[in-house]
>>> print(open('work-v9.txt').read())   # compact mmCIF, C-alpha atoms
# COMPACT_ATOMS: atom_id res chain seq x y z
CA MET S 75 99.69 85.84 58.44
CA THR S 76 103.22 84.43 58.64
CA LYS S 77 105.62 85.42 61.41
CA THR S 78 107.84 87.08 58.81
CA LYS S 79 105.02 89.28 57.53
CA GLN S 80 103.99 90.11 61.09
CA ARG S 81 107.57 91.17 61.88
CA LEU S 82 107.60 93.41 58.85
CA GLN S 83 104.45 95.12 60.04
CA ASP S 84 105.78 95.47 63.57
CA LYS S 85 109.16 96.89 62.61
CA LYS S 86 111.09 97.49 59.42
CA SER S 87 114.16 95.27 59.35
CA LYS S 88 116.25 93.40 56.83
CA ILE S 89 114.85 90.09 55.70
CA THR S 90 117.21 87.12 56.07
CA ILE S 91 117.77 84.17 53.75
CA HIS S 92 116.36 81.94 56.51
CA GLU S 93 113.03 83.80 56.37
CA VAL S 94 112.87 83.58 52.58
CA ALA S 95 113.53 79.85 52.72
CA ALA S 96 110.84 79.36 55.37
CA HIS S 97 108.33 81.44 53.41
CA ALA S 98 109.00 79.47 50.19
CA GLY S 99 109.21 76.09 51.94
CA VAL S 100 112.71 75.30 50.65
CA SER S 101 116.20 75.07 52.10
CA GLU S 102 118.49 78.05 52.62
CA SER S 103 121.00 76.50 50.23
CA THR S 104 118.34 76.41 47.50
CA VAL S 105 117.61 80.08 48.00
CA SER S 106 121.34 80.84 47.94
CA ARG S 107 121.85 78.94 44.66
CA ILE S 108 118.93 80.72 43.02
CA MET S 109 120.06 84.18 44.13
CA ARG S 110 123.58 83.47 42.86
CA ASN S 111 122.22 81.80 39.70
CA GLU S 112 124.39 78.76 40.39
CA GLY S 113 123.59 75.08 39.98
CA LEU S 114 120.52 73.33 38.58
CA VAL S 115 117.20 74.27 40.13
CA ALA S 116 113.73 73.31 38.91
CA GLU S 117 111.95 76.25 37.27
CA ALA S 118 108.92 75.79 39.53
CA THR S 119 111.18 76.05 42.58
CA ARG S 120 112.93 79.10 41.16
CA ALA S 121 109.59 80.81 40.52
CA LEU S 122 108.40 79.98 44.05
CA VAL S 123 111.56 81.37 45.65
CA MET S 124 111.57 84.52 43.52
CA GLU S 125 107.92 85.12 44.43
CA SER S 126 108.93 85.02 48.11
CA VAL S 127 111.96 87.23 47.43
CA ARG S 128 109.79 89.87 45.81
CA GLU S 129 106.97 89.63 48.34
CA LEU S 130 109.31 89.99 51.31
CA GLY S 131 111.67 92.52 49.73
CA TYR S 132 114.72 90.33 50.33
CA VAL S 133 118.15 91.57 49.22
CA PRO S 134 121.19 89.24 49.41
CA ASN S 135 124.31 90.51 51.16
CA ARG S 136 127.36 90.07 48.92
CA ILE S 137 129.71 91.50 51.50
CA ALA S 138 130.53 88.62 53.81
CA GLY S 139 132.50 88.25 57.03
CA SER S 140 134.51 91.21 58.24
CA LEU S 141 133.65 93.28 55.16
CA ALA S 142 130.03 93.39 56.26
CA SER S 143 130.88 95.73 59.12
CA MET S 144 132.70 98.22 56.93
CA ASP S 145 131.05 101.42 55.72
CA SER S 146 130.35 101.23 52.00
CA LYS S 147 131.50 104.13 49.86
CA LEU S 148 129.42 103.09 46.87
CA VAL S 149 126.52 105.15 45.54
CA GLY S 150 124.27 103.22 43.18
CA VAL S 151 122.78 105.25 40.32
CA VAL S 152 120.05 103.92 38.01
CA VAL S 153 118.99 106.06 35.05
CA PRO S 154 116.69 105.03 32.19
CA SER S 155 118.97 106.02 29.31
CA LEU S 156 122.31 107.46 28.26
CA SER S 157 121.23 108.15 24.66
CA ASN S 158 118.88 110.84 25.96
CA ILE S 159 121.17 113.81 26.64
CA VAL S 160 119.10 114.77 29.69
CA PHE S 161 120.60 112.01 31.83
CA PRO S 162 124.31 112.50 31.02
CA GLU S 163 123.89 116.05 32.33
CA VAL S 164 122.35 114.68 35.53
CA LEU S 165 125.34 112.31 35.83
CA GLN S 166 127.70 115.26 35.41
CA GLY S 167 126.03 116.89 38.40
CA ILE S 168 126.36 113.67 40.40
CA ASN S 169 130.05 113.48 39.51
CA ALA S 170 130.58 117.10 40.56
CA GLY S 171 128.86 116.44 43.89
CA LEU S 172 131.04 113.38 44.56
CA LYS S 173 134.40 114.98 43.68
CA ALA S 174 135.22 116.22 47.16
CA SER S 175 134.06 113.00 48.85
CA ASN S 176 135.33 109.43 49.22
CA TYR S 177 132.23 108.02 47.56
CA GLN S 178 132.12 106.42 44.12
CA ALA S 179 129.15 106.09 41.78
CA VAL S 180 128.15 102.79 40.19
CA ILE S 181 125.88 103.48 37.21
CA SER S 182 123.26 101.19 35.67
CA ILE S 183 120.77 101.69 32.83
CA SER S 184 117.15 100.50 33.11
CA ASP S 185 116.02 101.23 29.51
CA TYR S 186 112.76 102.70 30.90
CA ASP S 187 111.81 99.22 32.15
CA ILE S 188 110.69 99.11 35.80
CA ASP S 189 111.18 95.34 35.97
CA ARG S 190 114.76 95.81 34.76
CA GLU S 191 115.13 98.57 37.36
CA GLU S 192 114.01 96.12 40.06
CA THR S 193 116.69 93.61 39.04
CA LEU S 194 119.38 96.30 38.96
CA ILE S 195 118.43 97.69 42.37
CA ARG S 196 118.41 94.24 43.93
CA GLY S 197 121.93 93.71 42.62
CA ILE S 198 123.15 97.10 43.84
CA LEU S 199 121.62 96.68 47.30
CA ALA S 200 123.41 93.33 47.61
CA TRP S 201 126.67 95.30 47.86
CA GLN S 202 125.33 97.39 50.75
CA PRO S 203 125.73 100.84 49.14
CA ALA S 204 125.63 104.06 51.12
CA ALA S 205 122.83 105.35 48.91
CA ILE S 206 120.85 104.72 45.73
CA LEU S 207 119.84 107.40 43.23
CA ILE S 208 117.00 106.45 40.91
CA THR S 209 114.84 108.22 38.34
CA GLY S 210 111.25 109.23 39.01
CA PHE S 211 108.55 107.61 41.11
CA ASP S 212 107.49 104.67 38.93
CA HIS S 213 108.81 101.45 40.48
CA THR S 214 107.53 97.92 41.05
CA MET S 215 106.12 97.15 44.48
CA ALA S 216 109.07 94.81 45.09
CA THR S 217 111.48 97.67 44.36
CA ARG S 218 109.68 99.89 46.83
CA ARG S 219 109.82 97.20 49.52
CA MET S 220 113.54 96.63 49.00
CA LEU S 221 114.38 100.31 49.12
CA ASP S 222 112.09 101.01 52.06
CA GLN S 223 113.52 98.15 54.12
CA SER S 224 117.15 98.65 53.09
CA GLY S 225 117.81 101.59 55.40
CA VAL S 226 120.09 103.22 52.80
CA ARG S 227 119.50 106.75 51.61
CA VAL S 228 117.26 106.83 48.52
CA VAL S 229 116.96 109.81 46.18
CA GLU S 230 114.31 109.83 43.45
CA MET S 231 115.50 112.30 40.85
CA MET S 232 113.84 114.50 38.20
CA ASP S 233 110.39 114.83 39.77
CA ILE S 234 108.75 116.19 42.94
CA ASP S 235 105.08 115.66 42.03
CA SER S 236 104.65 112.61 44.32
CA ALA S 237 105.63 111.54 47.84
CA PRO S 238 109.19 110.11 47.84
CA ILE S 239 110.51 106.99 49.53
CA ASP S 240 113.15 109.18 51.19
CA VAL S 241 114.20 112.27 49.21
CA ALA S 242 112.99 113.64 45.87
CA VAL S 243 115.09 116.13 43.88
CA GLY S 244 113.79 117.77 40.74
CA MET S 245 110.98 119.94 39.49
CA SER S 246 107.21 119.82 39.26
CA HIS S 247 106.53 118.73 35.69
CA ARG S 248 102.85 119.49 36.01
CA ARG S 249 103.66 123.08 37.01
CA ALA S 250 106.12 123.31 34.10
CA GLY S 251 103.42 122.26 31.63
CA TYR S 252 100.99 124.70 33.22
CA ALA S 253 103.51 127.55 32.99
CA ALA S 254 104.19 126.72 29.33
CA GLY S 255 100.46 126.89 28.59
CA GLN S 256 100.08 130.24 30.34
CA HIS S 257 103.10 131.62 28.45
CA LEU S 258 101.75 130.59 25.05
CA ILE S 259 98.23 131.83 25.81
CA ALA S 260 99.69 135.21 26.81
CA LYS S 261 101.42 135.37 23.42
CA GLY S 262 98.05 135.04 21.69
CA TYR S 263 98.05 131.39 20.57
CA ARG S 264 94.65 129.70 20.51
CA ARG S 265 94.83 126.69 18.15
CA PHE S 266 97.10 124.18 19.90
CA GLY S 267 98.54 120.88 18.70
CA TYR S 268 100.57 118.39 20.72
CA VAL S 269 103.41 116.12 19.57
CA GLY S 270 104.53 113.45 22.02
CA HIS S 271 105.89 109.95 22.65
CA ASP S 272 104.94 106.93 24.74
CA TRP S 273 103.44 108.15 28.05
CA ARG S 274 103.61 104.65 29.54
CA SER S 275 107.40 104.90 29.75
CA ASP S 276 107.60 108.64 30.44
CA ARG S 277 105.28 109.65 33.26
CA ARG S 278 106.90 113.07 33.49
CA ALA S 279 105.92 113.93 29.90
CA ARG S 280 102.34 113.03 30.76
CA LEU S 281 102.43 115.31 33.81
CA ARG S 282 103.61 118.20 31.62
CA TYR S 283 100.80 117.48 29.18
CA ASP S 284 98.26 117.46 32.02
CA GLY S 285 99.58 120.80 33.29
CA LEU S 286 99.37 122.26 29.78
CA CYS S 287 95.77 121.08 29.40
CA GLU S 288 94.88 122.59 32.79
CA ALA S 289 96.18 126.02 31.73
CA LEU S 290 94.37 125.81 28.39
CA SER S 291 91.11 124.69 30.03
CA GLU S 292 91.17 127.71 32.35
CA ALA S 293 91.31 129.89 29.23
CA GLY S 294 88.50 127.97 27.53
CA ILE S 295 90.87 126.29 25.05
CA ALA S 296 91.30 122.62 24.12
CA ILE S 297 94.08 120.95 22.16
CA THR S 298 92.89 120.64 18.56
CA ALA S 299 95.09 117.75 17.36
CA HIS S 300 97.50 115.16 18.78
CA ALA S 301 100.32 113.20 17.15
CA ILE S 302 101.70 110.79 19.74
CA ALA S 303 104.24 108.13 18.77
CA ASP S 304 104.17 104.67 20.34
CA GLY S 305 107.93 104.46 20.92
CA PRO S 306 110.57 106.64 22.60
CA SER S 307 111.29 110.24 21.71
CA SER S 308 113.82 111.20 19.03
CA VAL S 309 114.49 113.95 16.53
CA SER S 310 113.35 111.76 13.64
CA THR S 311 110.14 110.82 15.48
CA GLY S 312 109.44 114.49 16.17
CA ARG S 313 109.87 115.27 12.47
CA SER S 314 107.53 112.53 11.26
CA GLN S 315 104.92 113.25 13.93
CA THR S 316 104.95 116.96 13.05
CA GLU S 317 104.27 116.11 9.42
CA GLN S 318 101.32 114.03 10.60
CA LEU S 319 100.07 116.81 12.89
CA CYS S 320 100.16 119.40 10.12
CA ARG S 321 97.90 117.20 7.99
CA MET S 322 95.32 117.04 10.78
CA ALA S 323 94.42 120.68 11.35
CA LYS S 324 95.37 124.31 10.87
CA LEU S 325 97.26 125.22 14.06
CA ASP S 326 98.87 128.26 15.67
CA VAL S 327 101.34 126.36 17.83
CA ALA S 328 102.63 122.84 18.42
CA VAL S 329 103.79 121.88 21.92
CA TYR S 330 106.22 118.96 22.18
CA SER S 331 106.93 116.42 24.91
CA ASN S 332 110.62 117.43 24.86
CA ASP S 333 113.28 119.28 22.86
CA ASP S 334 114.33 116.20 20.85
CA MET S 335 110.87 116.00 19.39
CA ALA S 336 110.62 119.78 18.98
CA VAL S 337 113.91 119.96 17.05
CA GLY S 338 112.47 117.34 14.71
CA GLY S 339 109.45 119.59 14.31
CA VAL S 340 111.70 122.50 13.36
CA PHE S 341 113.44 120.32 10.74
CA HIS S 342 110.07 119.35 9.24
CA CYS S 343 109.04 123.00 8.99
CA MET S 344 112.36 123.94 7.38
CA GLY S 345 111.93 121.18 4.79
CA ALA S 346 108.27 121.97 4.14
CA GLY S 347 108.80 125.73 3.86
CA ILE S 348 106.72 126.51 6.95
CA ARG S 349 107.84 129.82 8.48
CA LEU S 350 108.48 129.83 12.22
CA PRO S 351 106.73 131.19 14.19
CA ASP S 352 104.49 133.05 11.69
CA GLN S 353 102.83 130.00 10.14
CA LEU S 354 103.43 127.59 13.03
CA ALA S 355 105.00 128.15 16.43
CA ILE S 356 106.99 125.35 18.11
CA PHE S 357 107.56 124.94 21.86
CA GLY S 358 109.64 122.22 23.56
CA PHE S 359 110.85 121.16 26.98
CA ASN S 360 114.31 120.67 28.55
CA GLY S 361 116.44 123.54 27.22
CA LEU S 362 118.96 121.35 25.35
CA ASP S 363 122.04 122.85 23.69
CA ILE S 364 120.91 121.74 20.23
CA GLY S 365 117.75 123.82 20.60
CA ARG S 366 119.69 126.95 21.56
CA GLU S 367 122.02 126.51 18.56
CA LEU S 368 119.29 126.36 15.91
CA PRO S 369 119.17 129.33 13.47
CA GLN S 370 116.06 130.34 15.44
CA PRO S 371 116.67 129.32 19.07
CA LEU S 372 114.01 126.88 20.25
CA SER S 373 111.32 128.23 22.58
CA THR S 374 111.18 125.87 25.53
CA VAL S 375 111.18 125.23 29.28
CA ARG S 376 114.65 124.91 30.75
CA SER S 377 115.18 122.35 33.52
CA ASN S 378 118.20 122.37 35.82
CA ARG S 379 119.52 118.88 35.10
CA PHE S 380 123.08 119.38 36.37
CA LEU S 381 121.71 120.87 39.58
CA ILE S 382 119.41 117.87 40.06
CA GLY S 383 122.39 115.50 40.11
CA GLN S 384 124.44 117.78 42.33
CA LYS S 385 121.64 118.34 44.86
CA ALA S 386 120.89 114.61 44.94
CA ILE S 387 124.44 113.94 46.14
CA GLU S 388 124.39 116.82 48.60
CA ALA S 389 121.19 115.45 50.13
CA ILE S 390 122.84 112.14 51.05
CA LEU S 391 126.28 113.47 51.98
CA LEU S 392 124.95 116.14 54.34
CA ALA S 393 122.65 113.68 56.11
CA PRO S 394 123.80 110.03 55.87
CA GLU S 395 120.84 108.84 57.94
CA ARG S 396 117.25 108.97 56.72
CA PRO S 397 115.30 111.89 58.21
CA ALA S 398 112.04 111.35 60.05
CA THR S 399 110.11 113.19 57.34
CA LYS S 400 110.22 112.88 53.57
CA ILE S 401 112.06 115.64 51.73
CA GLY S 402 111.35 117.29 48.36
CA ILE S 403 114.02 119.55 46.87
CA ASP S 404 112.72 121.78 44.06
CA THR S 405 115.42 122.66 41.50
CA GLY S 406 112.94 124.75 39.51
CA PHE S 407 112.57 125.59 35.82
CA GLU S 408 112.38 128.66 33.61
CA ILE S 409 110.60 129.63 30.40
CA PHE S 410 113.03 130.41 27.58
CA ALA S 411 111.20 132.61 25.08
CA GLY S 412 113.45 131.66 22.14
CA ALA S 413 112.41 132.49 18.59
CA THR S 414 110.17 129.61 17.52
CA ALA S 415 107.09 130.64 19.50
>>> encode(input="work-v9.txt", output="structure tokens")
Amino acid sequence: MTKTKQRLQDKKSKITIHEVAAHAGVSESTVSRIMRNEGLVAEATRALVMESVRELGYVPNRIAGSLASMDSKLVGVVVPSLSNIVFPEVLQGINAGLKASNYQAVISISDYDIDREETLIRGILAWQPAAILITGFDHTMATRRMLDQSGVRVVEMMDIDSAPIDVAVGMSHRRAGYAAGQHLIAKGYRRFGYVGHDWRSDRRARLRYDGLCEALSEAGIAITAHAIADGPSSVSTGRSQTEQLCRMAKLDVAVYSNDDMAVGGVFHCMGAGIRLPDQLAIFGFNGLDIGRELPQPLSTVRSNRFLIGQKAIEAILLAPERPATKIGIDTGFEIFAGATA
């Protein structure tokens, strides 16, 4: 075991460029050039240094000299998408929480790619932010090391179903799926179908599905048919997957991974002359405005997305230092009966 690794086990502290250089067996100037992406460096050397950077959780400090002692007023925010309306509403809550403070948000988009998230977080931490707000619990091990060793406040948003690095703000997606299942069973539905998108990039959708299956299993029911797309969710994907689902089996109700997909399901039924909810019921998740404005308001689970962003900011402003214990803040959810199920 190297002295650097031993020190990490003994006490959490920031890794220096000297320790990275020693671990990789190169000079400090080589590490500096690679981290700044300046000058010519052999690819083998670059790979060796980056392996040490990731293993040790090293973050460069871009604030040099006297600036290094100043308190940063930056809050780094990394969300997976801005095309998904869920996250702009979270950002609105963050903005509302920051209005009365001297802090400023710096926003980055990971495109649901945890390796991209790692790169973004390394860049944000280099500017010594006061806090970082990220989405969910799925991160690379290098990301976890960096955040754990950074000492800055870390808020993982949207989900509270796992243990956070520091603070988690959101809802239990598994409980939301379970509650949706209980609601639909109570309404008399027995033949269930599921329409979803790529679970590898959306762990929270999978948790909702697992909660739904748990509620159905307790009632002696199993999902009859699945239509799960390989790519991301969208209205058009929901429409095409619903058409596929309807060819598979005669169903009472189709449950969707989110409202985008469910709205697509409504559009398919409108085009195919399928009466909602008499011939097929449709149930979504998120409580988006577009679902409420349909001729028949979409039946769904409403999440408190604005509140998630606002509470995330409150958590770091009210307590700038990390607490001794991890914190989970439950922003809850509600079933919206709607008219499609």
>>> residues_around(input="work-v9.txt", residues="stretch 278-282 of chain S", least_positions_apart="4", cutoff="7 Å", atoms="all atoms listed in the file", output="list in words")
His247, Arg248, Ala250, Gly251, Trp273, Leu286 and Ser331 of chain S
>>> write_last_selection(input="work-v9.txt", atoms="C-alpha atoms", output="compact mmCIF listing (two decimals), in the frame of the given file")
# COMPACT_ATOMS: atom_id res chain seq x y z
CA HIS S 247 106.53 118.73 35.69
CA ARG S 248 102.85 119.49 36.01
CA ALA S 250 106.12 123.31 34.10
CA GLY S 251 103.42 122.26 31.63
CA TRP S 273 103.44 108.15 28.05
CA LEU S 286 99.37 122.26 29.78
CA SER S 331 106.93 116.42 24.91
>>> closest_residue(input="work-v9.txt", among="S:Val309, S:Leu372, S:Ala242, S:Tyr252", to="S:Gly402", atoms="all atoms listed in the file")
S:Ala242
>>> residues_around(input="work-v9.txt", residues="stretch 310-321 of chain S", least_positions_apart="2", cutoff="6 Å", atoms="all atoms listed in the file", output="JSON, numbers by chain")
{"S": [301, 308, 323, 335, 338, 339, 342]}
>>> atom_distance(input="work-v9.txt", atom1="atom CA of S:Tyr132", atom2="atom CA of S:Ala205")
17.1 Å
>>> residues_around(input="work-v9.txt", residues="stretch 184-192 of chain S", least_positions_apart="3", cutoff="8 Å", atoms="all atoms listed in the file", output="list in words")
Val152, Val153, Pro154, Ser155, Ile195, Arg196, Asp212, His213, Thr214, Ala216, Thr217, Ser275 and Asp276 of chain S
>>> closest_residue(input="work-v9.txt", among="S:Val115, S:Leu381, S:Val337, S:Ile108", to="S:Met245", atoms="all atoms listed in the file")
S:Leu381
>>> residues_around(input="work-v9.txt", residues="S:Pro351", least_positions_apart="6", cutoff="12 Å", atoms="all atoms listed in the file", output="JSON, numbers by chain")
{"S": [258, 261, 263, 325, 326, 327, 328, 339, 340, 343, 344, 357, 370, 371, 372, 373, 411, 412, 413, 414, 415]}
>>> residues_near_point(input="work-v9.txt", point="(97.8, 121.7, 26.6)", cutoff="8 Å", atoms="all atoms listed in the file", output="PDB file with C-alpha atoms, keeping the file's coordinate frame")
ATOM      1  CA  GLY S 251     103.420 122.260  31.630  1.00  0.00           C
ATOM      2  CA  TYR S 252     100.990 124.700  33.220  1.00  0.00           C
ATOM      3  CA  GLY S 255     100.460 126.890  28.590  1.00  0.00           C
ATOM      4  CA  PHE S 266      97.100 124.180  19.900  1.00  0.00           C
ATOM      5  CA  GLY S 267      98.540 120.880  18.700  1.00  0.00           C
ATOM      6  CA  TYR S 268     100.570 118.390  20.720  1.00  0.00           C
ATOM      7  CA  TYR S 283     100.800 117.480  29.180  1.00  0.00           C
ATOM      8  CA  ASP S 284      98.260 117.460  32.020  1.00  0.00           C
ATOM      9  CA  GLY S 285      99.580 120.800  33.290  1.00  0.00           C
ATOM     10  CA  LEU S 286      99.370 122.260  29.780  1.00  0.00           C
ATOM     11  CA  CYS S 287      95.770 121.080  29.400  1.00  0.00           C
ATOM     12  CA  GLU S 288      94.880 122.590  32.790  1.00  0.00           C
ATOM     13  CA  ALA S 289      96.180 126.020  31.730  1.00  0.00           C
ATOM     14  CA  LEU S 290      94.370 125.810  28.390  1.00  0.00           C
ATOM     15  CA  ALA S 296      91.300 122.620  24.120  1.00  0.00           C
ATOM     16  CA  ILE S 297      94.080 120.950  22.160  1.00  0.00           C
ATOM     17  CA  VAL S 329     103.790 121.880  21.920  1.00  0.00           C
TER      18      VAL S 329
END
>>> atom_distance(input="work-v9.txt", atom1="atom CA of S:Met232", atom2="atom CA of S:Ala260")
27.5 Å
>>> atom_distance(input="work-v9.txt", atom1="atom CA of S:Gly225", atom2="atom CA of S:Ala386")
17.0 Å
>>> residues_around(input="work-v9.txt", residues="S:Asn135", least_positions_apart="2", cutoff="7 Å", atoms="all atoms listed in the file", output="PDB file with C-alpha atoms, in the coordinates of the input")
ATOM      1  CA  VAL S 133     118.150  91.570  49.220  1.00  0.00           C
ATOM      2  CA  ILE S 137     129.710  91.500  51.500  1.00  0.00           C
ATOM      3  CA  ALA S 200     123.410  93.330  47.610  1.00  0.00           C
ATOM      4  CA  TRP S 201     126.670  95.300  47.860  1.00  0.00           C
ATOM      5  CA  GLN S 202     125.330  97.390  50.750  1.00  0.00           C
TER       6      GLN S 202
END
>>> axis_aligned_box(input="work-v9.txt", around="stretch 269-277 of chain S", padding_each_side="3 Å", output="lines of an AutoDock Vina configuration file")
center_x = 105.5
center_y = 110.4
center_z = 26.4
size_x = 10.2
size_y = 17.5
size_z = 19.7
>>> closest_residue(input="work-v9.txt", among="S:Ala96, S:Ala237, S:Met322, S:Ala346", to="S:Val123", atoms="only C-alpha atoms")
S:Ala96
>>> residues_near_point(input="work-v9.txt", point="(127.3, 107.1, 42.3)", cutoff="7 Å", atoms="all atoms listed in the file", output="VMD selection string")
chain S and resid 148 to 151 168 178 to 181
>>> closest_residue(input="work-v9.txt", among="S:Ile206, S:Val226, S:Val100, S:Ile390", to="S:Leu194", atoms="all atoms listed in the file")
S:Ile206
>>> closest_residue(input="work-v9.txt", among="S:Ile302, S:Thr399, S:Gly131, S:Ser175", to="S:Leu199", atoms="only C-alpha atoms")
S:Gly131
>>> closest_residue(input="work-v9.txt", among="S:Gly361, S:Glu292, S:Arg274, S:Arg396", to="S:Ser377", atoms="all atoms listed in the file")
S:Gly361
